[in-house]
Each structure stands twice: as C-alpha cells, then as structure tokens.
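Asker: The file below is upload_39.txt, compact mmCIF, C-alpha atoms:
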```txt
# COMPACT_ATOMS: atom_id res chain seq x y z
CA MET O 857 24.29 2.94 42.37
CA VAL O 858 24.67 -0.43 40.65
CA ALA O 859 24.14 -3.45 42.90
CA PRO O 860 27.28 -5.60 43.31
CA GLN O 861 27.51 -8.80 41.31
CA LEU O 862 27.30 -11.78 43.67
CA THR O 863 27.61 -15.48 43.03
CA LEU O 864 25.23 -17.32 45.34
CA SER O 865 27.03 -20.04 47.24
CA TRP O 866 24.11 -22.45 47.16
CA TYR O 867 22.90 -25.41 45.15
CA PRO O 868 21.47 -25.09 41.63
CA THR O 869 17.77 -25.77 41.25
CA SER O 870 16.89 -29.20 39.89
CA LYS O 871 15.86 -29.13 36.25
CA SER O 872 13.81 -32.31 36.58
CA SER O 873 10.33 -32.11 35.08
CA ASN O 874 9.01 -34.41 37.81
CA VAL O 875 8.04 -31.53 40.09
CA VAL O 876 6.03 -32.19 43.24
CA MET O 877 4.41 -29.20 44.92
CA ASP O 878 3.82 -29.79 48.62
CA PRO O 879 0.06 -29.25 49.07
CA ASP O 880 0.41 -27.75 52.56
CA LEU O 881 3.46 -25.61 51.84
CA TRP O 882 2.70 -24.11 48.44
CA PHE O 883 1.17 -20.63 48.59
CA GLU O 884 0.43 -18.88 45.31
CA ASP O 885 1.29 -15.47 46.76
CA GLY O 886 4.60 -16.69 48.19
CA ASP O 887 7.78 -14.95 47.07
CA VAL O 888 10.41 -17.70 47.36
CA VAL O 889 10.59 -21.35 46.29
CA ILE O 890 12.46 -23.94 48.35
CA VAL O 891 13.39 -27.21 46.62
CA ALA O 892 14.31 -30.56 48.16
CA GLY O 893 14.71 -33.35 45.65
CA ASN O 894 11.69 -32.97 43.38
CA THR O 895 9.52 -31.45 46.11
CA HIS O 896 8.88 -27.71 45.82
CA TYR O 897 7.62 -25.33 48.51
CA LYS O 898 6.45 -21.78 47.80
CA LEU O 899 6.59 -19.63 50.91
CA TRP O 900 7.33 -16.12 52.16
CA ALA O 901 10.99 -15.22 52.54
CA ASN O 902 10.52 -12.87 55.49
CA LEU O 903 8.69 -15.53 57.49
CA ILE O 904 11.31 -18.22 56.86
CA ALA O 905 14.18 -15.80 57.47
CA ARG O 906 12.67 -14.95 60.85
CA HIS O 907 13.48 -18.48 62.02
CA SER O 908 16.80 -19.10 60.26
CA THR O 909 19.96 -17.03 60.06
CA ARG O 910 21.17 -19.10 57.12
CA PHE O 911 18.02 -18.52 55.10
CA LYS O 912 18.15 -14.83 55.98
CA THR O 913 21.67 -14.64 54.54
CA MET O 914 20.65 -16.53 51.40
CA PHE O 915 17.71 -14.23 50.75
CA LEU O 916 19.82 -11.13 51.36
CA GLU O 917 22.38 -12.33 48.81
CA THR O 918 19.60 -12.78 46.28
CA ASN O 919 18.25 -9.29 46.91
CA LEU O 920 21.71 -7.82 46.29
CA ALA O 921 22.45 -9.95 43.25
CA ALA O 922 21.85 -8.71 39.72
CA PRO O 923 18.82 -10.14 37.87
CA HIS O 924 19.31 -13.41 36.00
CA THR O 925 22.27 -14.42 38.20
CA TYR O 926 20.20 -16.73 40.41
CA ASP O 927 17.77 -19.58 39.78
CA THR O 928 14.04 -19.00 39.64
CA PHE O 929 10.90 -21.11 39.70
CA ASP O 930 7.37 -19.84 39.16
CA ASP O 931 8.80 -16.30 38.84
CA CYS O 932 10.40 -16.48 42.30
CA PRO O 933 14.00 -16.97 43.46
CA SER O 934 14.52 -20.67 44.14
CA TYR O 935 16.94 -22.53 46.37
CA THR O 936 17.66 -26.24 46.29
CA LEU O 937 18.61 -27.62 49.70
CA PRO O 938 20.95 -30.55 50.39
CA HIS O 939 18.54 -32.34 52.74
CA LYS O 940 15.87 -34.95 52.01
CA PRO O 941 12.30 -33.83 51.26
CA GLU O 942 10.95 -35.37 54.46
CA GLU O 943 13.53 -33.46 56.51
CA VAL O 944 12.84 -30.16 54.76
CA THR O 945 9.08 -30.69 55.03
CA LEU O 946 9.32 -31.19 58.79
CA MET O 947 11.55 -28.12 59.15
CA LEU O 948 9.33 -25.84 57.06
CA ARG O 949 6.14 -27.02 58.76
CA ARG O 950 7.69 -26.06 62.09
CA MET O 951 8.77 -22.68 60.73
CA MET O 952 5.28 -22.04 59.38
CA GLY O 953 3.75 -22.84 62.76
CA PHE O 954 2.31 -26.25 61.86
CA ASP O 955 2.70 -29.37 64.04
CA ARG O 956 3.97 -27.54 67.10
CA ALA O 957 1.84 -29.43 69.62
CA GLU O 958 3.75 -31.47 72.19
CA SER O 959 2.16 -34.66 70.90
CA VAL O 960 3.86 -34.34 67.50
CA LEU O 961 6.93 -36.53 67.84
CA VAL O 962 6.88 -39.47 65.46
CA ASP O 963 10.02 -41.14 66.81
CA ILE O 964 13.64 -40.38 67.56
CA ARG O 965 14.24 -39.61 63.89
CA THR O 966 12.11 -36.50 64.38
CA LEU O 967 14.57 -35.37 67.04
CA GLU O 968 17.47 -36.08 64.71
CA THR O 969 15.86 -34.03 61.94
CA LEU O 970 15.10 -31.11 64.25
CA LEU O 971 18.68 -31.07 65.49
CA GLU O 972 20.23 -31.50 62.04
CA THR O 973 18.15 -28.84 60.29
CA GLY O 974 18.18 -26.55 63.31
CA THR O 975 21.97 -26.65 63.37
CA TYR O 976 22.60 -26.53 59.62
CA TYR O 977 20.14 -23.71 58.90
CA GLU O 978 20.90 -21.90 62.16
CA ALA O 979 17.32 -22.14 63.38
CA PRO O 980 17.39 -22.01 67.20
CA SER O 981 13.70 -22.81 67.64
CA LEU O 982 14.18 -26.25 66.06
CA ARG O 983 17.08 -27.12 68.35
CA GLU O 984 15.13 -25.83 71.35
CA GLU O 985 12.14 -28.00 70.49
CA ALA O 986 14.34 -31.10 70.29
CA LEU O 987 16.06 -30.18 73.54
CA LEU O 988 12.72 -29.79 75.33
CA TRP O 989 11.80 -33.34 74.33
CA ILE O 990 15.13 -34.72 75.50
CA GLN O 991 14.80 -32.86 78.79
CA LYS O 992 11.61 -34.78 79.49
CA LEU O 993 13.93 -37.73 80.07
CA TYR O 994 16.85 -35.73 81.44
CA PRO O 995 15.58 -32.66 83.34
CA THR O 996 18.19 -30.38 84.83
CA SER O 997 17.09 -30.52 88.49
CA LEU O 998 17.88 -33.59 90.62
CA PRO O 999 14.31 -34.14 91.95
CA ALA O 1000 12.86 -33.90 88.45
CA PHE O 1001 15.59 -36.19 87.14
CA GLU O 1002 14.68 -38.87 89.70
CA GLN O 1003 11.01 -38.58 88.77
CA ALA O 1004 11.86 -38.85 85.08
CA ARG O 1005 13.86 -42.02 85.71
CA LYS O 1006 10.80 -43.59 87.34
CA ALA O 1007 8.58 -42.48 84.45
CA ARG O 1008 10.88 -43.72 81.69
CA THR O 1009 8.59 -46.59 80.72
CA THR O 1010 5.80 -44.13 79.90
CA LEU O 1011 8.13 -41.82 77.96
CA ILE O 1012 9.91 -44.46 75.87
CA PRO O 1013 6.94 -45.03 73.50
CA PHE O 1014 7.29 -41.43 72.28
CA PHE O 1015 10.62 -42.44 70.75
CA ALA O 1016 9.45 -45.74 69.24
CA PRO O 1017 9.55 -47.73 66.99
CA SER O 1018 13.26 -47.44 66.22
CA ILE O 1019 14.25 -47.69 69.90
CA LYS O 1020 14.58 -51.24 71.24
CA SER O 1021 15.21 -50.55 74.93
CA PRO O 1022 15.70 -47.68 77.41
CA LEU O 1023 19.48 -48.08 77.23
CA ASP O 1024 19.32 -48.07 73.44
CA LEU O 1025 17.60 -44.71 73.74
CA ASP O 1026 20.32 -43.46 76.10
CA TYR O 1027 23.05 -44.38 73.64
CA ARG O 1028 21.20 -42.83 70.70
CA LEU O 1029 20.62 -39.61 72.60
CA ALA O 1030 24.22 -39.57 73.84
CA ARG O 1031 25.41 -39.66 70.23
CA LEU O 1032 23.04 -36.83 69.33
CA ALA O 1033 24.20 -34.82 72.33
CA PHE O 1034 27.83 -35.28 71.23
CA ARG O 1035 27.16 -34.45 67.61
CA TYR O 1036 25.06 -31.35 68.23
CA ARG O 1037 26.79 -30.13 71.39
CA LEU O 1038 23.80 -30.44 73.74
CA ARG O 1039 25.69 -29.52 76.88
CA GLU O 1040 22.47 -29.08 78.83
CA VAL O 1041 21.70 -32.81 78.82
CA LEU O 1042 24.91 -34.65 77.93
CA PRO O 1043 26.20 -35.06 81.53
CA LEU O 1044 22.86 -36.49 82.65
CA ILE O 1045 22.71 -38.94 79.76
CA LEU O 1046 26.24 -40.16 80.48
CA TYR O 1047 25.43 -40.44 84.19
CA ASN O 1048 22.38 -42.55 83.42
CA LEU O 1049 24.40 -44.86 81.18
CA ALA O 1050 27.18 -45.22 83.74
CA ALA O 1051 24.72 -45.94 86.56
CA ALA O 1052 22.73 -48.51 84.59
CA GLU O 1053 25.53 -50.46 82.91
CA PRO O 1054 28.94 -49.25 84.14
CA ILE O 1055 30.98 -51.94 82.37
CA ALA O 1056 29.13 -51.61 79.07
CA PHE O 1057 29.39 -47.84 79.36
CA LEU O 1058 33.15 -47.96 79.85
CA GLU O 1059 33.47 -50.29 76.88
CA THR O 1060 31.50 -47.95 74.63
CA SER O 1061 32.66 -44.57 75.97
CA TYR O 1062 35.69 -44.70 73.68
CA LYS O 1063 33.36 -45.00 70.68
CA LEU O 1064 31.38 -41.99 71.86
CA ALA O 1065 34.57 -39.98 72.33
CA THR O 1066 35.71 -41.00 68.85
CA LEU O 1067 32.42 -39.81 67.45
CA LEU O 1068 32.91 -36.46 69.16
CA ASP O 1069 36.30 -36.08 67.49
CA ARG O 1070 34.72 -36.62 64.08
CA VAL O 1071 32.11 -33.87 64.31
```
What does the file become when written as structure tokens?
Answerer:
Amino acid sequence: MVAPQLTLSWYPTSKSSNVVMDPDLWFEDGDVVIVAGNTHYKLWANLIARHSTRFKTMFLETNLAAPHTYDTFDDCPSYTLPHKPEEVTLMLRRMMGFDRAESVLVDIRTLETLLETGTYYEAPSLREEALLWIQKLYPTSLPAFEQARKARTTLIPFFAPSIKSPLDLDYRLARLAFRYRLREVLPLILYNLAAAEPIAFLETSYKLATLLDRV
C-alpha cells in the first residue's frame, strides 16, 4: 500500500549557512533535528513526542509522508519552530530532563517561556512546572495562602530582576493567568491585588479584562 502524500503544515527549515549546533542538545545518534533561528538541536523523536502532543503529530505526519516531501538536515527530518532559540532551548532542556531542579528559575521570563511553549506545543509538564512555581505564592489552601503572603519577601527574589515590587509581580502573574487560563491561581492573584490596592486594582481590572478578550 502506498503511503498517502501529505503536505506538512510547519515551517520550512532555514537555509542559512550560519548554523549553530547546541552543544548540550546535539546527539549524533538522534533521529530528528529541531531548528530555532540558526540554532539546531539533534534529538530523539520518541523522547520529544512523549512530552508534546504537537511534536507527536508533526513526527507522525513525517512518517506518513512520502520521501523528499519534507525538509532534512544531517540526514534527519528537520522542523523549524516559530519561537526564539532561548525559548526552544529552555523547552528542550526540560523535555530532555535537564534543569528540573526547583532552584532553576532565572526570573519571571522563565515562567512566561514555560507557559508559552507548554501551551503552544501542548506539553503539559511545562505548564505544570510553571504552575507549581506560581502556587508557591498562591497556594490553594487558605492557611498555606496566609503563610505565603507572609513569606513573599523571601520568594520575590526568585522572580527578579525584571520585577520591581510585589504588586508588580501580582500584575504580571495576573496577566499570565489570564493569557494561559490558569484557573487554579487566578482568583487568588486577583484577591491579593484587590486586598492590597483596591482602588488601583479597580482602575486596572478593565485592562486585564481587555487582555482576556484578546487571547
């Protein structure tokens, strides 16, 4: 039986000669190449697909496609992603089991990357990791929530240097919770904002609602 002809709905591989091979994520016996900008990663498709429904679908389409109908690099199917190299590097390191210690949180941009890539590539473990960090500030039980409020000054440095104040962190996390539908923590974040600065919260709540309508 002849395999059906499929057109892969993905991005063409960059033809730039300025190729950078990530030293930690390039394995000679890998069977798939991921590309972000000029950065190339050679990994194992079954391992990546285990973490991401979207990658699993991409790899399945390639397996069903006829030869020479998809891009290759180093004799492997290749896929160029729409995200920045630093975002893809963080995502793939997590999928490969690197940097999973609790201490690995550079700043709030790490949370943003975990949520963005976890949502876009349908990788639940990335979203769950981000949510666990956010729940350090906004635990789901009332006693733990009160303790977390008292310990905020010790937790804030984990989200530095882009965060200027505790309330700045609340607003940033509220926007993330809206954008990525983090229903587990959104009510607690909004409660904290309303309790700390009720007038300012009312003045900005419209902006948050507008943001929700856009995503």
Asker: How many Å lie between CA of Ile1045 in chain O and CA of Thr973 in chain O, rounded to one decimal?
Answerer: 22.4 Å
Asker: I'd like to know which of O:Ala986, O:Pro933, O:Glu1040, O:Asp963 is closest to Leu1025 in chain O, using all atoms listed in the file.
Answerer: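 Going through O:Ala986, O:Pro933, O:Glu1040, O:Asp963 one by one, the smallest distance to Leu1025 in chain O is for O:Asp963.
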Asker: In Å, with one decimal, what is the gap from CA of Asn1048 in chain O to CA of Gly974 in chain O?
Answerer: 26.0 Å
Asker: What lies within 12 Å of Arg1028 in chain O using only C-alpha atoms, ignoring chain neighbours under 3 positions off, as number ranges by chain?
Answerer: O: 963-965, 967-968, 990, 1015, 1018-1025, 1031-1035, 1042, 1045-1046, 1049, 1064
Asker: Please report the interatomic distance between CA of Leu971 in chain O and CA of Arg906 in chain O in Å with one decimal.
Answerer: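 Going from CA of Leu971 in chain O over to CA of Arg906 in chain O covers 17.8 Å.
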Asker: Hey, which of O:Asp880, O:Gly886, O:Lys898, O:Ser997 ends up closest to Leu946 in chain O? Count only C-alpha atoms.
Answerer: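 Nearest to Leu946 in chain O: O:Asp880.
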Asker: Would you list the residues near (15.4, -25.1, 65.1) (no more than 12 Å away, in the coordinates of the file, using all atoms listed in the file) as a PDB file with C-alpha atoms, keeping the file's coordinate frame?
Answerer:
```pdb
ATOM      1  CA  ILE O 904      11.310 -18.220  56.860  1.00  0.00           C
ATOM      2  CA  ARG O 906      12.670 -14.950  60.850  1.00  0.00           C
ATOM      3  CA  HIS O 907      13.480 -18.480  62.020  1.00  0.00           C
ATOM      4  CA  SER O 908      16.800 -19.100  60.260  1.00  0.00           C
ATOM      5  CA  THR O 909      19.960 -17.030  60.060  1.00  0.00           C
ATOM      6  CA  ARG O 910      21.170 -19.100  57.120  1.00  0.00           C
ATOM      7  CA  VAL O 944      12.840 -30.160  54.760  1.00  0.00           C
ATOM      8  CA  LEU O 946       9.320 -31.190  58.790  1.00  0.00           C
ATOM      9  CA  MET O 947      11.550 -28.120  59.150  1.00  0.00           C
ATOM     10  CA  LEU O 948       9.330 -25.840  57.060  1.00  0.00           C
ATOM     11  CA  ARG O 949       6.140 -27.020  58.760  1.00  0.00           C
ATOM     12  CA  ARG O 950       7.690 -26.060  62.090  1.00  0.00           C
ATOM     13  CA  MET O 951       8.770 -22.680  60.730  1.00  0.00           C
ATOM     14  CA  ARG O 956       3.970 -27.540  67.100  1.00  0.00           C
ATOM     15  CA  THR O 966      12.110 -36.500  64.380  1.00  0.00           C
ATOM     16  CA  LEU O 967      14.570 -35.370  67.040  1.00  0.00           C
ATOM     17  CA  GLU O 968      17.470 -36.080  64.710  1.00  0.00           C
ATOM     18  CA  THR O 969      15.860 -34.030  61.940  1.00  0.00           C
ATOM     19  CA  LEU O 970      15.100 -31.110  64.250  1.00  0.00           C
ATOM     20  CA  LEU O 971      18.680 -31.070  65.490  1.00  0.00           C
ATOM     21  CA  GLU O 972      20.230 -31.500  62.040  1.00  0.00           C
ATOM     22  CA  THR O 973      18.150 -28.840  60.290  1.00  0.00           C
ATOM     23  CA  GLY O 974      18.180 -26.550  63.310  1.00  0.00           C
ATOM     24  CA  THR O 975      21.970 -26.650  63.370  1.00  0.00           C
ATOM     25  CA  TYR O 976      22.600 -26.530  59.620  1.00  0.00           C
ATOM     26  CA  TYR O 977      20.140 -23.710  58.900  1.00  0.00           C
ATOM     27  CA  GLU O 978      20.900 -21.900  62.160  1.00  0.00           C
ATOM     28  CA  ALA O 979      17.320 -22.140  63.380  1.00  0.00           C
ATOM     29  CA  PRO O 980      17.390 -22.010  67.200  1.00  0.00           C
ATOM     30  CA  SER O 981      13.700 -22.810  67.640  1.00  0.00           C
ATOM     31  CA  LEU O 982      14.180 -26.250  66.060  1.00  0.00           C
ATOM     32  CA  ARG O 983      17.080 -27.120  68.350  1.00  0.00           C
ATOM     33  CA  GLU O 984      15.130 -25.830  71.350  1.00  0.00           C
ATOM     34  CA  GLU O 985      12.140 -28.000  70.490  1.00  0.00           C
ATOM     35  CA  ALA O 986      14.340 -31.100  70.290  1.00  0.00           C
ATOM     36  CA  LEU O 987      16.060 -30.180  73.540  1.00  0.00           C
ATOM     37  CA  LEU O 988      12.720 -29.790  75.330  1.00  0.00           C
ATOM     38  CA  TYR O1036      25.060 -31.350  68.230  1.00  0.00           C
TER      39      TYR O1036
END
```
Asker: List as an NGL selection string the protein and nucleic acid residues near Leu916 in chain O, meaning an atom at most 12 Å away when all atoms listed in the file are counted, but skip any in the same chain fewer than 4 places from it.
Answerer: :O and (862 or 864 or 901-902 or 905 or 909-912 or 920-921 or 933)
Asker: Go through O:Cys932, O:Ala1050, O:Met914, O:Ala1004 one by one, measure the shortest atom-to-atom distance of each to Phe883 in chain O using all atoms listed in the file, and give the residue with the smallest value.
Answerer: O:Cys932
Asker: Neighbouring residues of Ile890 in chain O were defined as those with any atom within 6 Å, considering only C-alpha atoms; residues of the same chain fewer than 3 positions away were excluded. Please report them as a PDB file with C-alpha atoms, in the frame of the given file.
Answerer:
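And here is the file that came out, around-v4.pdb:
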```pdb
ATOM      1  CA  HIS O 896       8.880 -27.710  45.820  1.00  0.00           C
ATOM      2  CA  TYR O 897       7.620 -25.330  48.510  1.00  0.00           C
ATOM      3  CA  SER O 934      14.520 -20.670  44.140  1.00  0.00           C
ATOM      4  CA  TYR O 935      16.940 -22.530  46.370  1.00  0.00           C
TER       5      TYR O 935
END
```
Asker: Please, can range 896-907 of chain O be completed to all heavy atoms and returned as a CSV table (one decimal), keeping the file's coordinate frame?
Answerer:
```csv
chain,number,residue,atom,x,y,z
O,896,HIS,N,8.8,-29.2,45.8
O,896,HIS,CA,8.9,-27.7,45.8
O,896,HIS,C,7.9,-27.1,46.9
O,896,HIS,O,6.8,-27.6,47.0
O,896,HIS,CB,8.6,-27.2,44.4
O,896,HIS,CG,9.6,-27.5,43.4
O,896,HIS,ND1,10.0,-28.8,43.2
O,896,HIS,CD2,10.3,-26.7,42.5
O,896,HIS,CE1,10.9,-28.8,42.2
O,896,HIS,NE2,11.1,-27.5,41.8
O,897,TYR,N,8.4,-26.0,47.5
O,897,TYR,CA,7.6,-25.3,48.5
O,897,TYR,C,7.7,-23.8,48.2
O,897,TYR,O,8.7,-23.3,47.9
O,897,TYR,CB,8.2,-25.5,49.9
O,897,TYR,CG,8.6,-26.9,50.2
O,897,TYR,CD1,9.9,-27.4,49.8
O,897,TYR,CD2,7.8,-27.8,51.0
O,897,TYR,CE1,10.3,-28.7,50.1
O,897,TYR,CE2,8.2,-29.1,51.3
O,897,TYR,CZ,9.4,-29.5,50.9
O,897,TYR,OH,9.8,-30.8,51.2
O,898,LYS,N,6.5,-23.2,48.1
O,898,LYS,CA,6.4,-21.8,47.8
O,898,LYS,C,6.0,-21.1,49.1
O,898,LYS,O,4.8,-21.2,49.5
O,898,LYS,CB,5.5,-21.5,46.6
O,898,LYS,CG,5.6,-20.0,46.1
O,898,LYS,CD,4.8,-19.8,44.9
O,898,LYS,CE,5.0,-18.4,44.3
O,898,LYS,NZ,4.2,-18.2,43.1
O,899,LEU,N,6.8,-20.2,49.6
O,899,LEU,CA,6.6,-19.6,50.9
O,899,LEU,C,7.0,-18.2,50.9
O,899,LEU,O,7.3,-17.6,49.8
O,899,LEU,CB,7.4,-20.4,52.0
O,899,LEU,CG,7.1,-21.9,52.1
O,899,LEU,CD1,8.2,-22.6,52.9
O,899,LEU,CD2,5.8,-22.2,52.7
O,900,TRP,N,7.0,-17.5,52.0
O,900,TRP,CA,7.3,-16.1,52.2
O,900,TRP,C,8.7,-16.0,52.8
O,900,TRP,O,9.0,-16.5,53.9
O,900,TRP,CB,6.3,-15.4,53.0
O,900,TRP,CG,4.9,-15.4,52.4
O,900,TRP,CD1,4.5,-14.6,51.4
O,900,TRP,CD2,3.9,-16.3,52.7
O,900,TRP,NE1,3.2,-15.0,51.1
O,900,TRP,CE2,2.8,-16.0,51.9
O,900,TRP,CE3,3.7,-17.4,53.6
O,900,TRP,CZ2,1.6,-16.7,51.9
O,900,TRP,CZ3,2.5,-18.1,53.7
O,900,TRP,CH2,1.5,-17.7,52.8
O,901,ALA,N,9.6,-15.3,52.1
O,901,ALA,CA,11.0,-15.2,52.5
O,901,ALA,C,11.1,-14.6,53.9
O,901,ALA,O,11.9,-15.1,54.8
O,901,ALA,CB,11.8,-14.4,51.5
O,902,ASN,N,10.4,-13.5,54.2
O,902,ASN,CA,10.5,-12.9,55.5
O,902,ASN,C,10.1,-13.8,56.6
O,902,ASN,O,10.7,-13.7,57.7
O,902,ASN,CB,9.7,-11.5,55.5
O,902,ASN,CG,8.2,-11.7,55.4
O,902,ASN,OD1,7.8,-12.8,54.9
O,902,ASN,ND2,7.5,-10.7,55.8
O,903,LEU,N,9.1,-14.6,56.4
O,903,LEU,CA,8.7,-15.5,57.5
O,903,LEU,C,9.7,-16.6,57.8
O,903,LEU,O,10.1,-16.9,58.9
O,903,LEU,CB,7.3,-16.2,57.1
O,903,LEU,CG,6.6,-16.9,58.2
O,903,LEU,CD1,5.1,-16.9,57.9
O,903,LEU,CD2,7.1,-18.3,58.5
O,904,ILE,N,10.3,-17.2,56.7
O,904,ILE,CA,11.3,-18.2,56.9
O,904,ILE,C,12.6,-17.6,57.5
O,904,ILE,O,13.2,-18.2,58.3
O,904,ILE,CB,11.6,-18.9,55.5
O,904,ILE,CG1,10.4,-19.5,54.9
O,904,ILE,CG2,12.7,-19.9,55.7
O,904,ILE,CD1,9.7,-20.6,55.8
O,905,ALA,N,13.0,-16.4,57.0
O,905,ALA,CA,14.2,-15.8,57.5
O,905,ALA,C,14.1,-15.4,59.0
O,905,ALA,O,15.1,-15.4,59.7
O,905,ALA,CB,14.5,-14.5,56.7
O,906,ARG,N,12.9,-15.3,59.4
O,906,ARG,CA,12.7,-15.0,60.8
O,906,ARG,C,13.1,-16.1,61.8
O,906,ARG,O,13.5,-15.9,62.9
O,906,ARG,CB,11.2,-14.7,61.1
O,906,ARG,CG,10.8,-14.0,62.4
O,906,ARG,CD,9.3,-13.8,62.5
O,906,ARG,NE,8.8,-13.1,61.3
O,906,ARG,CZ,7.5,-13.0,61.0
O,906,ARG,NH1,6.6,-13.7,61.7
O,906,ARG,NH2,7.1,-12.3,60.0
O,907,HIS,N,13.1,-17.3,61.2
O,907,HIS,CA,13.5,-18.5,62.0
O,907,HIS,C,14.9,-18.9,61.8
O,907,HIS,O,15.4,-19.7,62.6
O,907,HIS,CB,12.5,-19.6,61.7
O,907,HIS,CG,11.1,-19.4,62.1
O,907,HIS,ND1,10.6,-19.6,63.4
O,907,HIS,CD2,10.1,-18.9,61.4
O,907,HIS,CE1,9.4,-19.3,63.4
O,907,HIS,NE2,9.0,-18.9,62.3
```
